[in-house]
>>> print(open('query19.csv').read())   # CSV, C-alpha atoms
chain,number,residue,atom,x,y,z
S,716,MET,CA,-12.2,5.0,-16.1
S,717,LYS,CA,-12.7,1.6,-14.6
S,718,ASN,CA,-13.9,3.1,-11.3
S,719,VAL,CA,-16.4,5.3,-13.3
S,720,LEU,CA,-17.8,2.3,-15.2
S,721,ARG,CA,-18.0,0.2,-12.0
S,722,HIS,CA,-19.9,2.9,-10.1
S,723,THR,CA,-22.1,3.5,-13.1
S,724,VAL,CA,-23.2,-0.2,-13.2
S,725,VAL,CA,-23.9,-0.1,-9.5
S,726,LEU,CA,-25.9,3.2,-9.9
S,727,PHE,CA,-27.8,1.7,-12.8
S,728,ALA,CA,-28.9,-1.2,-10.7
S,729,LEU,CA,-30.1,1.3,-8.1
S,730,LEU,CA,-32.0,3.2,-10.7
S,731,LEU,CA,-33.9,0.0,-11.6
S,732,LEU,CA,-34.6,-0.4,-8.0
S,733,CYS,CA,-36.0,3.1,-7.9
S,734,ALA,CA,-38.1,2.4,-11.0
S,735,ALA,CA,-39.3,-0.9,-9.7
S,736,GLY,CA,-39.9,0.6,-6.3
S,737,THR,CA,-42.0,3.5,-7.4
S,738,ALA,CA,-45.4,3.5,-5.6
S,739,HIS,CA,-48.3,2.2,-7.6
S,740,PRO,CA,-51.6,3.9,-6.7
S,741,ALA,CA,-54.7,1.8,-6.7
S,742,GLY,CA,-56.1,3.5,-9.8
S,743,ILE,CA,-53.2,2.5,-12.1
S,744,ASP,CA,-53.9,-0.4,-14.5
S,745,MET,CA,-51.0,-2.6,-13.2
S,746,LYS,CA,-51.2,-6.3,-12.4
S,747,GLU,CA,-49.4,-7.2,-9.2
S,748,GLY,CA,-46.9,-10.0,-9.4
S,749,ASP,CA,-43.5,-11.0,-10.8
S,750,TRP,CA,-42.4,-8.7,-13.6
S,751,GLU,CA,-39.5,-8.9,-16.1
S,752,ILE,CA,-37.9,-5.5,-16.7
S,753,SER,CA,-35.9,-5.0,-19.9
S,754,SER,CA,-33.6,-2.0,-20.1
S,755,VAL,CA,-31.2,-0.5,-22.5
S,756,ALA,CA,-28.8,2.2,-21.2
S,757,SER,CA,-26.7,4.5,-23.3
S,758,MET,CA,-24.1,6.8,-21.8
S,759,THR,CA,-22.1,9.8,-22.8
S,760,MET,CA,-19.1,11.0,-20.9
S,761,GLU,CA,-17.1,14.2,-21.8
S,762,GLY,CA,-18.5,14.0,-25.3
S,763,MET,CA,-17.6,10.4,-25.8
S,764,SER,CA,-20.4,7.8,-26.3
S,765,MET,CA,-20.2,4.4,-24.8
S,766,PRO,CA,-21.7,1.1,-26.1
S,767,SER,CA,-25.3,0.5,-25.0
S,768,MET,CA,-25.8,-1.7,-22.0
S,769,PRO,CA,-28.9,-4.0,-22.3
S,770,SER,CA,-30.0,-6.0,-19.3
S,771,LYS,CA,-33.0,-7.9,-17.9
S,772,SER,CA,-34.1,-8.3,-14.3
S,773,THR,CA,-37.1,-9.6,-12.4
S,774,TYR,CA,-39.0,-7.9,-9.6
S,775,CYS,CA,-42.0,-8.6,-7.6
S,776,LEU,CA,-44.2,-5.5,-8.1
S,777,THR,CA,-47.1,-4.5,-5.9
S,778,ARG,CA,-49.1,-1.4,-5.4
S,779,GLU,CA,-47.0,-0.6,-2.4
S,780,ASP,CA,-43.3,0.4,-2.5
S,781,PRO,CA,-41.5,-3.0,-2.8
S,782,VAL,CA,-38.0,-1.7,-1.8
S,783,PRO,CA,-37.3,-0.9,1.9
S,784,GLN,CA,-36.8,2.8,2.2
S,785,SER,CA,-33.5,2.6,4.1
S,786,GLU,CA,-31.9,0.4,1.4
S,787,ARG,CA,-33.1,2.5,-1.6
S,788,ASP,CA,-32.0,5.8,0.0
S,789,LYS,CA,-28.3,4.8,0.3
S,790,ASP,CA,-27.5,6.4,-3.1
S,791,CYS,CA,-30.8,7.6,-4.7
S,792,ARG,CA,-34.2,8.8,-3.4
S,793,ILE,CA,-37.4,9.9,-5.0
S,794,VAL,CA,-38.0,13.6,-4.3
S,795,LYS,CA,-41.1,14.3,-6.4
S,796,GLN,CA,-43.7,11.9,-7.8
S,797,LYS,CA,-46.8,12.5,-10.0
S,798,VAL,CA,-49.6,10.2,-11.3
S,799,VAL,CA,-51.6,11.1,-14.3
S,800,GLY,CA,-53.9,8.3,-15.5
S,801,ASN,CA,-51.8,5.2,-15.9
S,802,THR,CA,-48.5,7.1,-16.1
S,803,VAL,CA,-46.2,7.6,-13.1
S,804,SER,CA,-43.4,10.3,-13.3
S,805,TRP,CA,-40.8,11.2,-10.7
S,806,ARG,CA,-37.6,13.1,-10.0
S,807,MET,CA,-34.7,11.6,-8.1
S,808,GLU,CA,-31.6,12.8,-6.3
S,809,CYS,CA,-28.5,10.8,-5.8
S,810,LYS,CA,-25.2,11.3,-4.0
S,811,LYS,CA,-23.5,12.1,-7.2
S,812,GLY,CA,-26.2,13.1,-9.6
S,813,GLU,CA,-29.9,13.8,-10.3
S,814,GLY,CA,-32.5,12.6,-12.8
S,815,GLU,CA,-36.0,11.9,-13.8
S,816,GLY,CA,-38.1,9.0,-15.0
S,817,GLU,CA,-41.5,8.0,-16.3
S,818,ILE,CA,-43.4,4.7,-16.6
S,819,SER,CA,-46.8,4.1,-18.4
S,820,TYR,CA,-48.7,0.9,-17.4
S,821,ARG,CA,-51.1,-1.1,-19.6
S,822,GLY,CA,-52.2,-4.0,-17.3
S,823,THR,CA,-49.5,-6.6,-17.9
S,824,THR,CA,-47.0,-4.4,-19.7
S,825,TYR,CA,-45.3,-1.1,-19.3
S,826,ASP,CA,-42.7,1.1,-21.0
S,827,GLY,CA,-40.8,4.1,-19.8
S,828,PHE,CA,-37.5,5.9,-19.5
S,829,ILE,CA,-34.9,7.2,-17.0
S,830,LYS,CA,-32.6,10.2,-17.6
S,831,MET,CA,-29.6,10.8,-15.3
S,832,LYS,CA,-26.8,13.3,-15.0
S,833,MET,CA,-23.9,12.3,-12.8
S,834,VAL,CA,-20.4,13.5,-11.8
S,835,GLU,CA,-17.8,10.7,-11.1
S,836,GLU,CA,-14.1,11.4,-10.5
S,837,GLY,CA,-14.5,14.9,-11.8
S,838,GLN,CA,-16.1,13.7,-15.1
S,839,THR,CA,-19.7,14.5,-16.1
S,840,MET,CA,-21.7,11.7,-17.5
S,841,THR,CA,-25.3,11.5,-18.8
S,842,MET,CA,-27.3,8.3,-19.0
S,843,ASP,CA,-30.5,7.5,-20.8
S,844,VAL,CA,-32.3,4.3,-20.0
S,845,LYS,CA,-35.2,2.8,-22.0
S,846,LEU,CA,-37.5,0.6,-19.9
S,847,ALA,CA,-40.0,-2.1,-20.9
S,848,GLY,CA,-41.8,-4.4,-18.5
S,849,LYS,CA,-44.1,-7.5,-18.8
S,850,TYR,CA,-46.0,-9.5,-16.2
S,851,LEU,CA,-44.6,-13.0,-15.7
S,852,GLY,CA,-47.0,-14.4,-13.1
S,853,PRO,CA,-47.5,-14.5,-9.3
S,854,CYS,CA,-44.6,-13.6,-7.1
S,855,PRO,CA,-42.6,-16.5,-5.9
S,856,LYS,CA,-44.0,-18.2,-2.8
S,857,GLY,CA,-43.2,-16.2,0.3
S,858,HIS,CA,-41.9,-13.3,-1.7
S,859,LYS,CA,-43.8,-10.1,-1.4
S,860,SER,CA,-41.6,-7.5,-3.0
S,861,GLY,CA,-38.2,-6.7,-4.4
S,862,ALA,CA,-35.8,-8.5,-6.7
S,863,THR,CA,-36.5,-12.2,-7.6
S,864,GLY,CA,-34.6,-15.1,-9.1
S,865,GLU,CA,-31.2,-14.5,-10.6
S,866,THR,CA,-31.7,-10.7,-10.1
S,867,ALA,CA,-31.9,-11.2,-6.4
S,868,LYS,CA,-28.7,-13.4,-6.5
S,869,GLN,CA,-26.8,-10.9,-8.6
S,870,MET,CA,-27.8,-8.0,-6.3
S,871,ALA,CA,-26.7,-10.0,-3.2
S,872,ALA,CA,-23.4,-10.7,-4.9
S,873,GLY,CA,-23.0,-7.0,-5.9
S,874,GLN,CA,-23.7,-5.9,-2.3
S,875,GLN,CA,-21.1,-8.4,-1.1
S,876,ALA,CA,-18.6,-7.1,-3.6
S,877,VAL,CA,-19.2,-3.5,-2.5
S,878,ALA,CA,-18.8,-4.4,1.1
S,879,GLN,CA,-15.5,-6.2,0.4
S,880,ALA,CA,-14.3,-3.2,-1.6
S,881,GLN,CA,-15.1,-0.9,1.2
S,882,GLN,CA,-13.3,-3.2,3.7
S,883,GLN,CA,-10.2,-3.3,1.4
S,884,GLN,CA,-10.3,0.5,1.1
S,885,ALA,CA,-10.5,0.8,4.9
S,886,GLU,CA,-7.6,-1.6,5.4
S,887,GLN,CA,-5.4,0.2,2.8
S,888,GLU,CA,-6.2,3.6,4.4
S,889,ALA,CA,-5.2,2.1,7.8
S,890,LEU,CA,-1.9,0.9,6.3
S,891,ARG,CA,-1.3,4.3,4.7
S,892,LYS,CA,-1.8,6.1,8.1
S,893,LYS,CA,0.5,3.6,9.8
S,894,CYS,CA,3.2,4.3,7.1
S,895,GLU,CA,2.8,8.0,7.5
S,896,GLU,CA,3.2,7.7,11.3
S,897,PHE,CA,6.4,5.7,10.8
S,898,VAL,CA,7.8,8.4,8.5
S,899,LYS,CA,6.8,11.1,10.9
S,900,ARG,CA,8.4,9.5,14.0
S,901,THR,CA,11.6,8.2,12.3
S,902,ALA,CA,14.3,10.8,12.4
S,903,VAL,CA,18.0,10.8,11.5
S,904,PRO,CA,20.2,11.2,14.6
S,905,GLY,CA,21.7,14.7,15.0
S,906,GLU,CA,25.3,15.3,14.0
S,907,ASP,CA,27.9,15.1,16.8
S,908,PRO,CA,29.3,18.7,17.3
S,909,GLY,CA,32.7,17.3,18.3
S,910,GLY,CA,32.8,14.6,15.6
S,911,CYS,CA,35.7,13.9,13.4
S,912,GLU,CA,35.3,14.1,9.6
S,913,GLN,CA,36.7,11.1,7.7
S,914,ALA,CA,36.5,9.3,4.4
S,915,GLY,CA,34.0,6.4,4.5
S,916,PHE,CA,32.9,4.3,7.5
S,917,THR,CA,36.1,2.2,8.0
S,918,ARG,CA,38.0,2.7,11.2
S,919,SER,CA,40.3,5.8,11.3
S,920,LEU,CA,43.1,5.9,13.8
S,921,GLU,CA,43.3,9.6,13.4
S,922,CYS,CA,39.6,10.1,14.4
S,923,GLU,CA,40.0,7.6,17.2
S,924,ALA,CA,42.8,9.7,18.6
S,925,LYS,CA,40.5,12.8,18.5
S,926,VAL,CA,37.1,11.4,19.7
S,927,GLY,CA,37.9,8.0,21.1
S,928,LYS,CA,37.1,4.5,20.0
S,929,LEU,CA,33.7,3.8,18.6
S,930,ASN,CA,31.3,2.4,21.2
S,931,LEU,CA,30.7,-0.9,19.3
S,932,GLU,CA,31.5,-4.4,20.4
S,933,TYR,CA,32.6,-6.6,17.5
S,934,GLY,CA,30.6,-9.8,16.9
S,935,GLN,CA,27.4,-11.2,15.4
S,936,TYR,CA,24.4,-8.9,15.4
S,937,GLU,CA,20.7,-9.7,14.9
S,938,ILE,CA,19.3,-6.8,13.0
S,939,THR,CA,15.7,-5.6,12.3
S,940,VAL,CA,15.0,-3.6,9.1
S,941,GLU,CA,11.9,-1.4,8.7
S,942,GLU,CA,11.3,0.6,5.6
S,943,ALA,CA,8.6,3.0,4.2
S,944,THR,CA,8.3,4.3,0.7
S,945,ARG,CA,6.2,7.4,-0.1
S,946,VAL,CA,5.4,8.6,-3.6
S,947,SER,CA,3.3,11.8,-3.7
S,948,SER,CA,0.3,11.0,-1.5
S,949,SER,CA,0.7,7.2,-1.4
S,950,CYS,CA,2.7,5.6,1.4
S,951,ALA,CA,3.6,1.9,1.9
S,952,LEU,CA,5.5,-0.1,4.5
S,953,SER,CA,7.7,-2.9,3.4
S,954,GLU,CA,7.6,-6.2,5.2
S,955,THR,CA,9.9,-6.1,8.3
S,956,LYS,CA,13.1,-8.1,7.7
S,957,ARG,CA,15.4,-9.8,10.1
S,958,ARG,CA,18.9,-11.2,9.6
S,959,THR,CA,22.3,-11.6,11.3
S,960,VAL,CA,25.4,-9.7,10.3
S,961,CYS,CA,29.0,-9.4,11.5
S,962,MET,CA,30.1,-6.0,12.7
S,963,ASN,CA,33.3,-4.5,13.9
S,964,LEU,CA,35.1,-1.2,13.9
S,965,ASP,CA,36.3,-1.7,10.3
S,966,ASP,CA,32.8,-2.6,9.2
S,967,PRO,CA,30.4,-0.8,11.5
S,968,LEU,CA,27.4,-0.3,9.3
S,969,PRO,CA,24.6,-2.6,7.9
S,970,ARG,CA,24.4,-2.2,4.1
S,971,GLU,CA,20.7,-1.3,4.3
S,972,LEU,CA,21.7,2.2,5.6
S,973,THR,CA,23.8,3.2,2.6
S,974,LYS,CA,21.0,2.4,0.1
S,975,GLY,CA,23.6,0.9,-2.2
S,976,ARG,CA,25.6,4.1,-2.5
S,977,GLN,CA,29.3,4.8,-1.8
S,978,VAL,CA,29.3,7.4,0.9
S,979,GLN,CA,32.4,9.6,0.6
S,980,LYS,CA,32.5,11.5,3.9
S,981,VAL,CA,31.1,10.9,7.3
S,982,LYS,CA,31.2,12.5,10.7
S,983,HIS,CA,32.7,10.1,13.3
S,984,GLY,CA,32.0,10.4,17.0
S,985,LYS,CA,32.5,8.1,20.0
S,986,ASP,CA,28.8,7.0,20.0
S,987,LYS,CA,27.6,7.8,16.5
S,988,ILE,CA,28.3,8.2,12.8
S,989,THR,CA,26.4,10.6,10.6
S,990,TRP,CA,26.5,11.4,6.9
S,991,ARG,CA,25.0,13.4,4.1
S,992,GLU,CA,25.6,12.4,0.5
S,993,SER,CA,24.1,14.3,-2.6
S,994,TYR,CA,23.9,12.8,-6.0
S,995,GLU,CA,22.3,13.7,-9.3
S,996,GLY,CA,18.6,13.8,-8.7
S,997,GLY,CA,18.6,13.1,-5.0
S,998,GLU,CA,20.2,13.1,-1.5
S,999,ILE,CA,20.7,10.5,1.3
S,1000,VAL,CA,21.0,11.6,5.0
S,1001,GLY,CA,21.8,9.0,7.6
S,1002,GLY,CA,23.0,8.4,11.1
S,1003,ILE,CA,23.6,5.5,13.5
S,1004,VAL,CA,24.0,5.5,17.3
S,1005,TYR,CA,26.0,2.8,19.1
S,1006,ARG,CA,25.5,1.6,22.6
S,1007,GLY,CA,28.1,-1.1,23.0
S,1008,ALA,CA,26.1,-4.3,22.2
S,1009,THR,CA,23.2,-2.5,20.5
S,1010,PHE,CA,22.7,0.2,17.9
S,1011,GLU,CA,20.0,2.1,16.0
S,1012,GLY,CA,20.3,3.7,12.6
S,1013,VAL,CA,18.2,5.7,10.2
S,1014,ALA,CA,18.7,6.7,6.6
S,1015,ILE,CA,16.4,8.9,4.6
S,1016,GLN,CA,16.7,9.1,0.8
S,1017,LYS,CA,15.0,11.7,-1.3
S,1018,SER,CA,14.8,11.7,-5.0
S,1019,ARG,CA,12.6,12.9,-7.8
S,1020,ALA,CA,10.8,10.7,-10.3
S,1021,GLY,CA,9.9,13.2,-13.0
S,1022,SER,CA,9.3,16.9,-12.6
S,1023,ASP,CA,6.5,16.7,-10.1
S,1024,MET,CA,6.9,13.5,-8.2
S,1025,GLU,CA,9.0,13.1,-5.1
S,1026,LEU,CA,10.2,9.7,-3.9
S,1027,LEU,CA,11.0,9.3,-0.2
S,1028,GLN,CA,12.5,6.2,1.4
S,1029,VAL,CA,12.9,6.0,5.1
S,1030,THR,CA,14.9,3.0,6.5
S,1031,LYS,CA,15.3,2.2,10.2
S,1032,VAL,CA,17.7,-0.6,11.3
S,1033,THR,CA,18.1,-1.7,14.9
S,1034,GLY,CA,20.5,-4.4,16.1
S,1035,ARG,CA,21.7,-6.3,19.1
S,1036,ARG,CA,24.7,-8.4,19.7
S,1037,VAL,CA,24.0,-12.2,19.9
S,1038,GLY,CA,27.5,-13.5,20.2
S,1039,VAL,CA,30.8,-13.8,18.3
S,1040,GLY,CA,29.9,-16.5,15.8
S,1041,ASP,CA,32.4,-16.8,13.0
S,1042,CYS,CA,32.9,-13.0,13.0
S,1043,THR,CA,36.5,-11.6,13.0
S,1044,LYS,CA,37.7,-8.7,15.1
S,1045,GLU,CA,38.8,-5.4,13.6
S,1046,ARG,CA,42.4,-5.0,12.6
S,1047,GLY,CA,44.8,-3.8,15.2
S,1048,PRO,CA,47.0,-0.7,14.8
S,1049,GLY,CA,49.7,-1.4,12.2
S,1050,ASP,CA,48.0,-4.7,11.1
S,1051,THR,CA,47.7,-4.8,7.3
S,1052,THR,CA,46.8,-8.4,6.9
S,1053,GLY,CA,43.2,-8.0,7.8
S,1054,ARG,CA,43.6,-10.7,10.5
S,1055,ALA,CA,45.7,-10.9,13.7
S,1056,TYR,CA,47.6,-14.2,13.8
S,1057,THR,CA,49.7,-15.4,16.7
S,1058,ALA,CA,52.6,-17.8,16.0
S,1059,LYS,CA,52.9,-20.9,18.1
S,1060,LYS,CA,56.0,-20.8,20.4
S,1061,LYS,CA,57.8,-24.1,20.3
S,1062,GLY,CA,61.3,-22.8,21.0
S,1063,GLY,CA,64.2,-22.1,18.6
S,1064,ASP,CA,65.1,-19.0,16.6
S,1065,SER,CA,64.2,-17.8,13.2
S,1066,ALA,CA,66.8,-20.1,11.6
S,1067,THR,CA,65.0,-23.1,13.0
S,1068,HIS,CA,61.7,-21.9,11.5
S,1069,THR,CA,63.5,-21.3,8.2
S,1070,ASP,CA,64.9,-24.9,8.2
S,1071,ASN,CA,61.5,-26.3,9.0
S,1072,ILE,CA,59.9,-24.4,6.1
S,1073,LEU,CA,62.6,-25.7,3.7
S,1074,LYS,CA,62.1,-29.3,5.0
S,1075,ASN,CA,58.3,-29.2,4.9
S,1076,PRO,CA,57.0,-25.9,3.4
S,1077,VAL,CA,53.3,-26.6,4.2
S,1078,LYS,CA,53.8,-27.7,7.8
S,1079,GLY,CA,56.5,-25.0,8.4
S,1080,ILE,CA,54.3,-22.1,7.3
S,1081,ARG,CA,51.3,-23.4,9.3
S,1082,ASN,CA,53.6,-23.6,12.5
S,1083,LEU,CA,54.9,-20.1,11.7
S,1084,PHE,CA,51.5,-18.5,11.5
S,1085,GLY,CA,49.8,-20.5,14.2
S,1086,TYR,CA,47.4,-22.7,12.0
>>> encode(input="query19.csv", output="structure tokens")
Amino acid sequence: MKNVLRHTVVLFALLLLCAAGTAHPAGIDMKEGDWEISSVASMTMEGMSMPSMPSKSTYCLTREDPVPQSERDKDCRIVKQKVVGNTVSWRMECKKGEGEGEISYRGTTYDGFIKMKMVEEGQTMTMDVKLAGKYLGPCPKGHKSGATGETAKQMAAGQQAVAQAQQQQAEQEALRKKCEEFVKRTAVPGEDPGGCEQAGFTRSLECEAKVGKLNLEYGQYEITVEEATRVSSSCALSETKRRTVCMNLDDPLPRELTKGRQVQKVKHGKDKITWRESYEGGEIVGGIVYRGATFEGVAIQKSRAGSDMELLQVTKVTGRRVGVGDCTKERGPGDTTGRAYTAKKKGGDSATHTDNILKNPVKGIRNLFGY
């Protein structure tokens, strides 16, 4: 509705240009100069009437066409014109409609009308405009034709607004195409035919025995996250994010690839992990390929928002190892502490350690566990 009204206002201004720009043969009783044009427009759209739109504007009218032909023909053009006495009538064609108009001159005044029928966003709209004009005086110095005073300023501002809107529309379309290209080229890695099925992403000694140790070096990784969201025909790219994470064989996956969901089963290979998880209303498919100190992963989530609207989220995460930082290594076989401690060797047997703990519990425990 807003677009319809905005386009109608723009078209209404163009209609006044057409009316003001109608040629005035020498025989018509019309005084050349600066004229004030009063208009009242009433509109009906799909059987619904809209409030009248009164307006006033000023134009320098001469007996020649005051509006450059190339400017006036952008949206509307006069296709037939007839002069009978002091009355000028015409028909016009526009990009989205057609209409007719008539003006009768009486020296320093005139009255007339414009009738239009337009189609905007699939809706038919009719517009009736009553016109009244009066002579104000000579045209401003150096001004031969066209809009004058505040009308000229408003038209310039309107043209600038239209240009900005067109620029924004072009930028949005470019971003949409960039998003669609990202969605098209971003694919989930294929499943490893010889992979081992396991529960969750945490290291499985059973799968390691079958397919080998995952090709991932533990440490601190700098990751880059790219994400696109498509809803029906609209597509938007999120701002690219970067952060550092700790990764090891017990925690080999950035959280962005699970989309906040608990994945039950995955296919574990030596160089990749893949998964497919269905839930009520949607599905997530993902995979990540490891190359020692780098990796690349993709997750695609499909869900439905209502009966006829599909939501698609495509996430791509790439990472490279930048060091160890304060990251811990994965647990070793048989280690249930979550951390591999090495006791300091200072001589003596277990009884000695027990005595030390009894004498000084805090110091004894720290020596025992290597703190």
>>> closest_residue(input="query19.csv", among="S:Met745, S:Cys809, S:Met1024, S:Ile829", to="Ser757 (chain S)", atoms="only C-alpha atoms")
S:Ile829
>>> atom_distance(input="query19.csv", atom1="CA of Lys771 (chain S)", atom2="CA of Lys845 (chain S)")
11.7 Å
>>> closest_residue(input="query19.csv", among="S:Gln1028, S:Asn963, S:Ser804, S:Thr824", to="Glu895 (chain S)", atoms="only C-alpha atoms")
S:Gln1028
>>> atom_distance(input="query19.csv", atom1="CA of Trp805 (chain S)", atom2="CA of Gly748 (chain S)")
22.1 Å
>>> atom_distance(input="query19.csv", atom1="CA of Ser919 (chain S)", atom2="CA of Lys1031 (chain S)")
25.3 Å
>>> residues_around(input="query19.csv", residues="Glu1025 (chain S)", least_positions_apart="5", cutoff="10 Å", atoms="all atoms listed in the file", output="list in words")
Arg945, Val946, Ser947, Ser948, Gly997, Lys1017, Ser1018, Arg1019 and Ala1020 of chain S
>>> residues_around(input="query19.csv", residues="Ile1003 (chain S)", least_positions_apart="4", cutoff="8 Å", atoms="all atoms listed in the file", output="list in words")
Val903, Pro904, Lys987, Ile988, Thr989, Phe1010, Glu1011, Gly1012 and Val1013 of chain S
>>> residues_around(input="query19.csv", residues="Ser819 (chain S)", least_positions_apart="2", cutoff="9 Å", atoms="all atoms listed in the file", output="number ranges by chain")
S: 800-804, 817, 821, 824-827
>>> closest_residue(input="query19.csv", among="S:Gly905, S:Gly814, S:Gly1040, S:Gly996", to="Val794 (chain S)", atoms="only C-alpha atoms")
S:Gly814
>>> residues_around(input="query19.csv", residues="Ile1015 (chain S)", least_positions_apart="3", cutoff="10 Å", atoms="only C-alpha atoms", output="VMD selection string")
chain S and resid 898 901 to 903 942 to 943 972 to 974 991 998 to 1002 1027 to 1031
>>> decode(input="query19.csv", residues="region 986-1053 of chain S", atoms="C-alpha atoms", output="PDB file, in the first residue's frame")
ATOM      1  CA  ASP S 986      39.869 -36.684   7.289  1.00  0.00           C
ATOM      2  CA  LYS S 987      36.219 -35.781   7.772  1.00  0.00           C
ATOM      3  CA  ILE S 988      33.110 -35.985   9.907  1.00  0.00           C
ATOM      4  CA  THR S 989      29.619 -35.822   8.388  1.00  0.00           C
ATOM      5  CA  TRP S 990      26.144 -35.867   9.915  1.00  0.00           C
ATOM      6  CA  ARG S 991      22.442 -35.633   9.169  1.00  0.00           C
ATOM      7  CA  GLU S 992      19.941 -34.841  11.900  1.00  0.00           C
ATOM      8  CA  SER S 993      16.168 -34.597  11.439  1.00  0.00           C
ATOM      9  CA  TYR S 994      13.847 -32.898  13.896  1.00  0.00           C
ATOM     10  CA  GLU S 995      10.236 -31.806  13.950  1.00  0.00           C
ATOM     11  CA  GLY S 996       9.832 -29.224  11.193  1.00  0.00           C
ATOM     12  CA  GLY S 997      13.300 -29.432   9.720  1.00  0.00           C
ATOM     13  CA  GLU S 998      16.650 -31.063   9.031  1.00  0.00           C
ATOM     14  CA  ILE S 999      20.329 -30.180   9.371  1.00  0.00           C
ATOM     15  CA  VAL S1000      23.037 -31.708   7.164  1.00  0.00           C
ATOM     16  CA  GLY S1001      26.691 -30.979   7.771  1.00  0.00           C
ATOM     17  CA  GLY S1002      30.261 -31.998   7.227  1.00  0.00           C
ATOM     18  CA  ILE S1003      33.779 -30.874   8.062  1.00  0.00           C
ATOM     19  CA  VAL S1004      37.068 -31.758   6.335  1.00  0.00           C
ATOM     20  CA  TYR S1005      40.339 -31.709   8.311  1.00  0.00           C
ATOM     21  CA  ARG S1006      43.795 -31.066   6.860  1.00  0.00           C
ATOM     22  CA  GLY S1007      46.025 -31.159   9.925  1.00  0.00           C
ATOM     23  CA  ALA S1008      46.344 -27.498  10.876  1.00  0.00           C
ATOM     24  CA  THR S1009      43.348 -26.262   8.793  1.00  0.00           C
ATOM     25  CA  PHE S1010      39.734 -27.293   8.276  1.00  0.00           C
ATOM     26  CA  GLU S1011      36.602 -26.342   6.347  1.00  0.00           C
ATOM     27  CA  GLY S1012      33.058 -27.167   7.378  1.00  0.00           C
ATOM     28  CA  VAL S1013      29.549 -26.547   6.056  1.00  0.00           C
ATOM     29  CA  ALA S1014      26.119 -26.969   7.652  1.00  0.00           C
ATOM     30  CA  ILE S1015      22.800 -26.539   5.845  1.00  0.00           C
ATOM     31  CA  GLN S1016      19.625 -26.264   7.876  1.00  0.00           C
ATOM     32  CA  LYS S1017      16.173 -26.459   6.290  1.00  0.00           C
ATOM     33  CA  SER S1018      12.975 -25.717   8.136  1.00  0.00           C
ATOM     34  CA  ARG S1019       9.474 -24.495   7.417  1.00  0.00           C
ATOM     35  CA  ALA S1020       7.968 -21.283   8.714  1.00  0.00           C
ATOM     36  CA  GLY S1021       4.298 -21.905   8.107  1.00  0.00           C
ATOM     37  CA  SER S1022       2.748 -24.065   5.423  1.00  0.00           C
ATOM     38  CA  ASP S1023       4.218 -22.322   2.384  1.00  0.00           C
ATOM     39  CA  MET S1024       7.443 -20.681   3.545  1.00  0.00           C
ATOM     40  CA  GLU S1025      10.796 -22.484   3.623  1.00  0.00           C
ATOM     41  CA  LEU S1026      13.715 -21.219   5.672  1.00  0.00           C
ATOM     42  CA  LEU S1027      17.229 -22.144   4.510  1.00  0.00           C
ATOM     43  CA  GLN S1028      20.373 -21.351   6.502  1.00  0.00           C
ATOM     44  CA  VAL S1029      23.784 -22.088   5.006  1.00  0.00           C
ATOM     45  CA  THR S1030      26.815 -21.790   7.287  1.00  0.00           C
ATOM     46  CA  LYS S1031      30.448 -22.131   6.234  1.00  0.00           C
ATOM     47  CA  VAL S1032      33.291 -22.206   8.773  1.00  0.00           C
ATOM     48  CA  THR S1033      36.980 -22.258   7.872  1.00  0.00           C
ATOM     49  CA  GLY S1034      39.828 -22.373  10.368  1.00  0.00           C
ATOM     50  CA  ARG S1035      43.605 -22.379  10.678  1.00  0.00           C
ATOM     51  CA  ARG S1036      45.799 -23.259  13.619  1.00  0.00           C
ATOM     52  CA  VAL S1037      47.593 -20.237  15.122  1.00  0.00           C
ATOM     53  CA  GLY S1038      49.309 -21.957  18.042  1.00  0.00           C
ATOM     54  CA  VAL S1039      48.607 -23.784  21.287  1.00  0.00           C
ATOM     55  CA  GLY S1040      47.574 -20.858  23.488  1.00  0.00           C
ATOM     56  CA  ASP S1041      45.931 -22.092  26.692  1.00  0.00           C
ATOM     57  CA  CYS S1042      44.240 -24.984  24.891  1.00  0.00           C
ATOM     58  CA  THR S1043      44.468 -28.487  26.368  1.00  0.00           C
ATOM     59  CA  LYS S1044      45.217 -31.636  24.450  1.00  0.00           C
ATOM     60  CA  GLU S1045      42.678 -34.414  24.035  1.00  0.00           C
ATOM     61  CA  ARG S1046      42.541 -37.148  26.696  1.00  0.00           C
ATOM     62  CA  GLY S1047      44.820 -40.101  26.187  1.00  0.00           C
ATOM     63  CA  PRO S1048      43.580 -43.731  26.086  1.00  0.00           C
ATOM     64  CA  GLY S1049      42.329 -44.733  29.542  1.00  0.00           C
ATOM     65  CA  ASP S1050      42.549 -41.177  30.886  1.00  0.00           C
ATOM     66  CA  THR S1051      39.289 -40.253  32.640  1.00  0.00           C
ATOM     67  CA  THR S1052      40.458 -37.086  34.364  1.00  0.00           C
ATOM     68  CA  GLY S1053      40.115 -34.940  31.300  1.00  0.00           C
TER      69      GLY S1053
END
